[in-house]
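To start, the structure under review is shown below, and the notes come after it.
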Amino acid sequence: MRAAIYARKSTEQHGVNDEERSVTRQIAHAKAYALNKGWAVPDELIFVDDGISGAEFVKRPGFIGLMNTLKPKPQFQFLVMSEESRLGREAIETSYVLKQIIDAGVRLFFYLEDRERTLDNAMDKVMLSLANFASEMEREKARQRTHEAMLRKAKARHVTGGRVYGYDNVEVLSEMSGVDGKQTRQYVRREVNPTEAAVVRRIYERYASGLGLSLIAQALNAECVPCARHGKYGWGPSGIREILHRELYRGVIVWNRTQKIQRAGTRSQRRRPPSEWVRLEAPDLQIIPTDLWSTVNSRLEDAKRMYLRNTKGQLLTRPSGEKMMSKYLLSGLAKCGVCGGSVVAMTRNNGRHRRKLYGCVSHHKRGTAICSNGLQIEQDRLDQAVLHAIADMLNEDMLHAAVERALTQLRAGQERDVRRKSEIECELSQVETHISNMVEAIKRARATESLLAGLESGEIRKKVLLDELSRLGELEKVQSWETNQVANELSARFRAVKTLLGRHIPQSREMLKKILQGKFVCQPFQANEVRGYRFYASGTYGHLLCGEHVANDGRNPLGTPARMCSPAHSRDTGVTRVSVDNAGPVC
């Protein structure tokens, strides 16, 4: 019998040895409990989330890994935790997760109470609701206590968050040492950083003089000024915008503008109404003079009024790219081979008309100090090169060879599968006989706890064997396929795909998203005074297929990646050469 362990702690434990961490103790106690029950606990079935709230169900890696092991069939029969709240502290989500685990045939045990969680009757479900209600109430009280503590810190002008560009966070230690001989931290306060404060003033002065966000970012990157987050991409328009809107630079602390909420099983934020904001004067933290702040704020308000908004304040004339279907084939699906930034659509004046181009957004927005790739190429030229490369990969000869290779790999294990099928049938017969004997004993009123447990174990093993037998049956069907039959069927589907490519941009973009594994990499080159892009990408055409499915046993080669390459020239010579470099079979 195999058991899994799940351990979780809401807050990170800094300065604590690994042996003393709560999650480490939870795992040790759960292992001892499982071994006492006679269950084996493989290392791959230990799932941990350290420093993650119990109200989070989406961005919790250990929890997601645990739930993934339940499908298509559980890899264990028992799950051990310290208590119910480790699984979650949100009543509805936790109840649903518990039901999924139990419905999958896994028994759930809590070692602190030596108790099994069941949902066999109405009373079990009521007790589950009450336990989850108590856990969520405790989480809400903890959140209220945290908010009150943060409010006291904010009113005392102490730091309640992270570091802000232009300031240093300085720890204030207690005068008396603790039992370990070290001084404890009482609070953290901000002090102006002269070097960074000078950069902030330059940003405000340049914006007030009429420069835009991108030009300011490019200038700072050209001067090699370290950015706020010390990232490799340097300054960007979004970082400049954030600095221009931060009231702390004019000596006003604004706290409680947002609130963390739980929505759709994960944590998000909502903006509080201005009436709930806490505003505190802090003249010692002022970096920007009042008249300069007023000038910059006036220009920001003018820019804001240039865009039409609805009654809720949402933009109407400049919607987010994520909320609209792009009219450009490769925008956001390609990246620069020099810096890794996105290759996006842009336009440039060309007499009475504007030329439609693709170029690196990092070079365009952040300057040559971040990316030296200033090459721009006609959109139609690069689009057609990509579409031709994909169309060439869908030719009949390559498809036939790929199908033959895939079926050969599947048939290579046919003898092993036949032997395994015979072993399963033999074991299944023994398990069914054992189950039948136990059922007869129960009918004669000789039921004991060990007999019932053995019956349940036998039913679980029978289900596992039937599932494996079904999978081998599906593989046997696939191994009997004829290469020409499969190739002809797939050819008909691929011809439909090739017909649609390029005709409707949104549909073509969705096909590219299914085909690609990652993004197209556009590498600039120059040869004989000809400049252009060589693009390459890895992908699979398996995601475009539907209908027949091969059982996923780890030997399915129909998703083998291929690489598509092509040089697409940017000079106005009208020449576009397309070549295809196969690094693997295409399916």
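In the structure tokens, chains take letters A, B, ... by order of appearance, with residues numbered from 1 within each chain and ligands from 1 in the order shown.
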Would you kindly return, as a PDB file with N, CA and C atoms, in the first residue's frame, each protein, DNA or RNA residue with an atom no farther than 9 Å from any atom of range 3-8 of chain A, considering only C-alpha atoms and excluding same-chain residues fewer than 5 positions away?
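That gives us result_2.pdb:
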ATOM      1  N   SER A  22       8.112  24.107  10.155  1.00  0.00           N
ATOM      2  CA  SER A  22       6.839  23.438  10.419  1.00  0.00           C
ATOM      3  C   SER A  22       6.561  22.348   9.392  1.00  0.00           C
ATOM      4  N   VAL A  23       6.819  22.639   8.103  1.00  0.00           N
ATOM      5  CA  VAL A  23       6.529  21.645   7.074  1.00  0.00           C
ATOM      6  C   VAL A  23       7.423  20.420   7.236  1.00  0.00           C
ATOM      7  N   THR A  24       8.651  20.634   7.711  1.00  0.00           N
ATOM      8  CA  THR A  24       9.547  19.498   7.934  1.00  0.00           C
ATOM      9  C   THR A  24       9.013  18.605   9.049  1.00  0.00           C
ATOM     10  N   GLN A  26       5.860  18.398   9.950  1.00  0.00           N
ATOM     11  CA  GLN A  26       4.644  17.760   9.448  1.00  0.00           C
ATOM     12  C   GLN A  26       4.976  16.501   8.651  1.00  0.00           C
ATOM     13  N   ILE A  27       5.998  16.595   7.796  1.00  0.00           N
ATOM     14  CA  ILE A  27       6.379  15.442   6.969  1.00  0.00           C
ATOM     15  C   ILE A  27       6.888  14.300   7.846  1.00  0.00           C
ATOM     16  N   ALA A  30       3.977  12.711   9.686  1.00  0.00           N
ATOM     17  CA  ALA A  30       3.114  11.976   8.752  1.00  0.00           C
ATOM     18  C   ALA A  30       3.773  10.675   8.306  1.00  0.00           C
ATOM     19  N   LYS A  31       5.107  10.710   8.092  1.00  0.00           N
ATOM     20  CA  LYS A  31       5.814   9.484   7.715  1.00  0.00           C
ATOM     21  C   LYS A  31       5.711   8.441   8.824  1.00  0.00           C
ATOM     22  N   ALA A  34       2.269   6.954   8.809  1.00  0.00           N
ATOM     23  CA  ALA A  34       2.048   6.027   7.696  1.00  0.00           C
ATOM     24  C   ALA A  34       2.780   4.705   7.926  1.00  0.00           C
ATOM     25  N   TRP A  39       2.054   1.531   5.651  1.00  0.00           N
ATOM     26  CA  TRP A  39       2.012   2.114   4.309  1.00  0.00           C
ATOM     27  C   TRP A  39       3.388   2.626   3.914  1.00  0.00           C
ATOM     28  N   ALA A  40       3.738   2.433   2.668  1.00  0.00           N
ATOM     29  CA  ALA A  40       4.998   2.958   2.128  1.00  0.00           C
ATOM     30  C   ALA A  40       4.774   4.382   1.629  1.00  0.00           C
ATOM     31  N   VAL A  41       5.782   5.249   1.844  1.00  0.00           N
ATOM     32  CA  VAL A  41       5.684   6.652   1.407  1.00  0.00           C
ATOM     33  C   VAL A  41       6.865   6.964   0.489  1.00  0.00           C
ATOM     34  N   PRO A  42       6.717   6.841  -0.840  1.00  0.00           N
ATOM     35  CA  PRO A  42       7.800   7.197  -1.763  1.00  0.00           C
ATOM     36  C   PRO A  42       8.070   8.716  -1.714  1.00  0.00           C
ATOM     37  N   ASP A  43       9.322   9.072  -1.983  1.00  0.00           N
ATOM     38  CA  ASP A  43       9.686  10.494  -1.941  1.00  0.00           C
ATOM     39  C   ASP A  43       8.907  11.316  -2.959  1.00  0.00           C
ATOM     40  N   GLU A  44       8.564  10.717  -4.106  1.00  0.00           N
ATOM     41  CA  GLU A  44       7.857  11.472  -5.134  1.00  0.00           C
ATOM     42  C   GLU A  44       6.399  11.745  -4.766  1.00  0.00           C
ATOM     43  N   LEU A  45       5.916  11.141  -3.686  1.00  0.00           N
ATOM     44  CA  LEU A  45       4.535  11.369  -3.249  1.00  0.00           C
ATOM     45  C   LEU A  45       4.463  12.246  -2.005  1.00  0.00           C
ATOM     46  N   ILE A  46       5.524  13.032  -1.757  1.00  0.00           N
ATOM     47  CA  ILE A  46       5.525  14.013  -0.670  1.00  0.00           C
ATOM     48  C   ILE A  46       5.374  15.392  -1.301  1.00  0.00           C
ATOM     49  N   PHE A  47       4.298  16.092  -0.974  1.00  0.00           N
ATOM     50  CA  PHE A  47       3.980  17.379  -1.591  1.00  0.00           C
ATOM     51  C   PHE A  47       4.006  18.465  -0.509  1.00  0.00           C
ATOM     52  N   VAL A  48       4.710  19.568  -0.803  1.00  0.00           N
ATOM     53  CA  VAL A  48       4.934  20.604   0.205  1.00  0.00           C
ATOM     54  C   VAL A  48       4.637  21.975  -0.399  1.00  0.00           C
ATOM     55  N   ASP A  49       3.962  22.821   0.386  1.00  0.00           N
ATOM     56  CA  ASP A  49       3.777  24.246   0.056  1.00  0.00           C
ATOM     57  C   ASP A  49       4.180  25.036   1.291  1.00  0.00           C
ATOM     58  N   ASP A  50       5.298  25.734   1.207  1.00  0.00           N
ATOM     59  CA  ASP A  50       5.807  26.492   2.345  1.00  0.00           C
ATOM     60  C   ASP A  50       5.622  27.976   2.084  1.00  0.00           C
ATOM     61  N   GLY A  51       4.928  28.643   2.979  1.00  0.00           N
ATOM     62  CA  GLY A  51       4.718  30.077   2.838  1.00  0.00           C
ATOM     63  C   GLY A  51       3.609  30.428   1.872  1.00  0.00           C
ATOM     64  N   ILE A  52       2.582  29.591   1.754  1.00  0.00           N
ATOM     65  CA  ILE A  52       1.463  29.844   0.834  1.00  0.00           C
ATOM     66  C   ILE A  52       0.158  29.738   1.618  1.00  0.00           C
ATOM     67  N   SER A  53      -0.708  30.712   1.418  1.00  0.00           N
ATOM     68  CA  SER A  53      -1.970  30.770   2.147  1.00  0.00           C
ATOM     69  C   SER A  53      -2.867  29.586   1.807  1.00  0.00           C
ATOM     70  N   GLY A  54      -3.657  29.168   2.789  1.00  0.00           N
ATOM     71  CA  GLY A  54      -4.612  28.095   2.566  1.00  0.00           C
ATOM     72  C   GLY A  54      -5.795  28.512   1.716  1.00  0.00           C
ATOM     73  N   GLY A  62       2.721  22.575  -4.745  1.00  0.00           N
ATOM     74  CA  GLY A  62       2.577  21.267  -4.112  1.00  0.00           C
ATOM     75  C   GLY A  62       1.175  20.730  -4.216  1.00  0.00           C
ATOM     76  N   PHE A  63       0.192  21.586  -3.985  1.00  0.00           N
ATOM     77  CA  PHE A  63      -1.211  21.175  -4.075  1.00  0.00           C
ATOM     78  C   PHE A  63      -1.571  20.761  -5.499  1.00  0.00           C
ATOM     79  N   LEU A  66      -0.193  17.396  -6.191  1.00  0.00           N
ATOM     80  CA  LEU A  66      -0.995  16.367  -5.536  1.00  0.00           C
ATOM     81  C   LEU A  66      -2.246  16.045  -6.345  1.00  0.00           C
ATOM     82  N   GLN A  75      -2.059   7.388  -7.835  1.00  0.00           N
ATOM     83  CA  GLN A  75      -0.825   6.636  -7.692  1.00  0.00           C
ATOM     84  C   GLN A  75      -0.630   6.150  -6.260  1.00  0.00           C
ATOM     85  N   PHE A  76      -1.617   6.366  -5.417  1.00  0.00           N
ATOM     86  CA  PHE A  76      -1.527   5.964  -4.017  1.00  0.00           C
ATOM     87  C   PHE A  76      -2.941   5.685  -3.512  1.00  0.00           C
ATOM     88  N   GLN A  77      -3.014   5.027  -2.362  1.00  0.00           N
ATOM     89  CA  GLN A  77      -4.320   4.665  -1.809  1.00  0.00           C
ATOM     90  C   GLN A  77      -4.699   5.512  -0.596  1.00  0.00           C
ATOM     91  N   PHE A  78      -3.700   6.162   0.047  1.00  0.00           N
ATOM     92  CA  PHE A  78      -3.956   6.923   1.261  1.00  0.00           C
ATOM     93  C   PHE A  78      -3.259   8.282   1.153  1.00  0.00           C
ATOM     94  N   LEU A  79      -3.868   9.303   1.774  1.00  0.00           N
ATOM     95  CA  LEU A  79      -3.278  10.640   1.871  1.00  0.00           C
ATOM     96  C   LEU A  79      -3.240  11.019   3.344  1.00  0.00           C
ATOM     97  N   VAL A  80      -2.066  11.433   3.835  1.00  0.00           N
ATOM     98  CA  VAL A  80      -1.878  11.747   5.250  1.00  0.00           C
ATOM     99  C   VAL A  80      -1.529  13.223   5.389  1.00  0.00           C
ATOM    100  N   MET A  81      -2.228  13.912   6.301  1.00  0.00           N
ATOM    101  CA  MET A  81      -1.955  15.308   6.623  1.00  0.00           C
ATOM    102  C   MET A  81      -2.056  15.484   8.133  1.00  0.00           C
ATOM    103  N   SER A  82      -1.577  16.628   8.630  1.00  0.00           N
ATOM    104  CA  SER A  82      -1.671  16.880  10.068  1.00  0.00           C
ATOM    105  C   SER A  82      -3.116  17.161  10.473  1.00  0.00           C
ATOM    106  N   ARG A  86      -4.752  22.088   6.602  1.00  0.00           N
ATOM    107  CA  ARG A  86      -3.557  22.099   5.751  1.00  0.00           C
ATOM    108  C   ARG A  86      -3.947  22.066   4.279  1.00  0.00           C
ATOM    109  N   LEU A  87      -5.059  21.426   3.982  1.00  0.00           N
ATOM    110  CA  LEU A  87      -5.501  21.347   2.591  1.00  0.00           C
ATOM    111  C   LEU A  87      -6.051  22.675   2.109  1.00  0.00           C
TER     112      LEU A  87
END
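Among the candidate residues A:Arg272, A:Arg241, A:His353, A:Arg444, the one lying nearest to Asn256 in chain A is A:Arg272, with distances computed using only C-alpha atoms.
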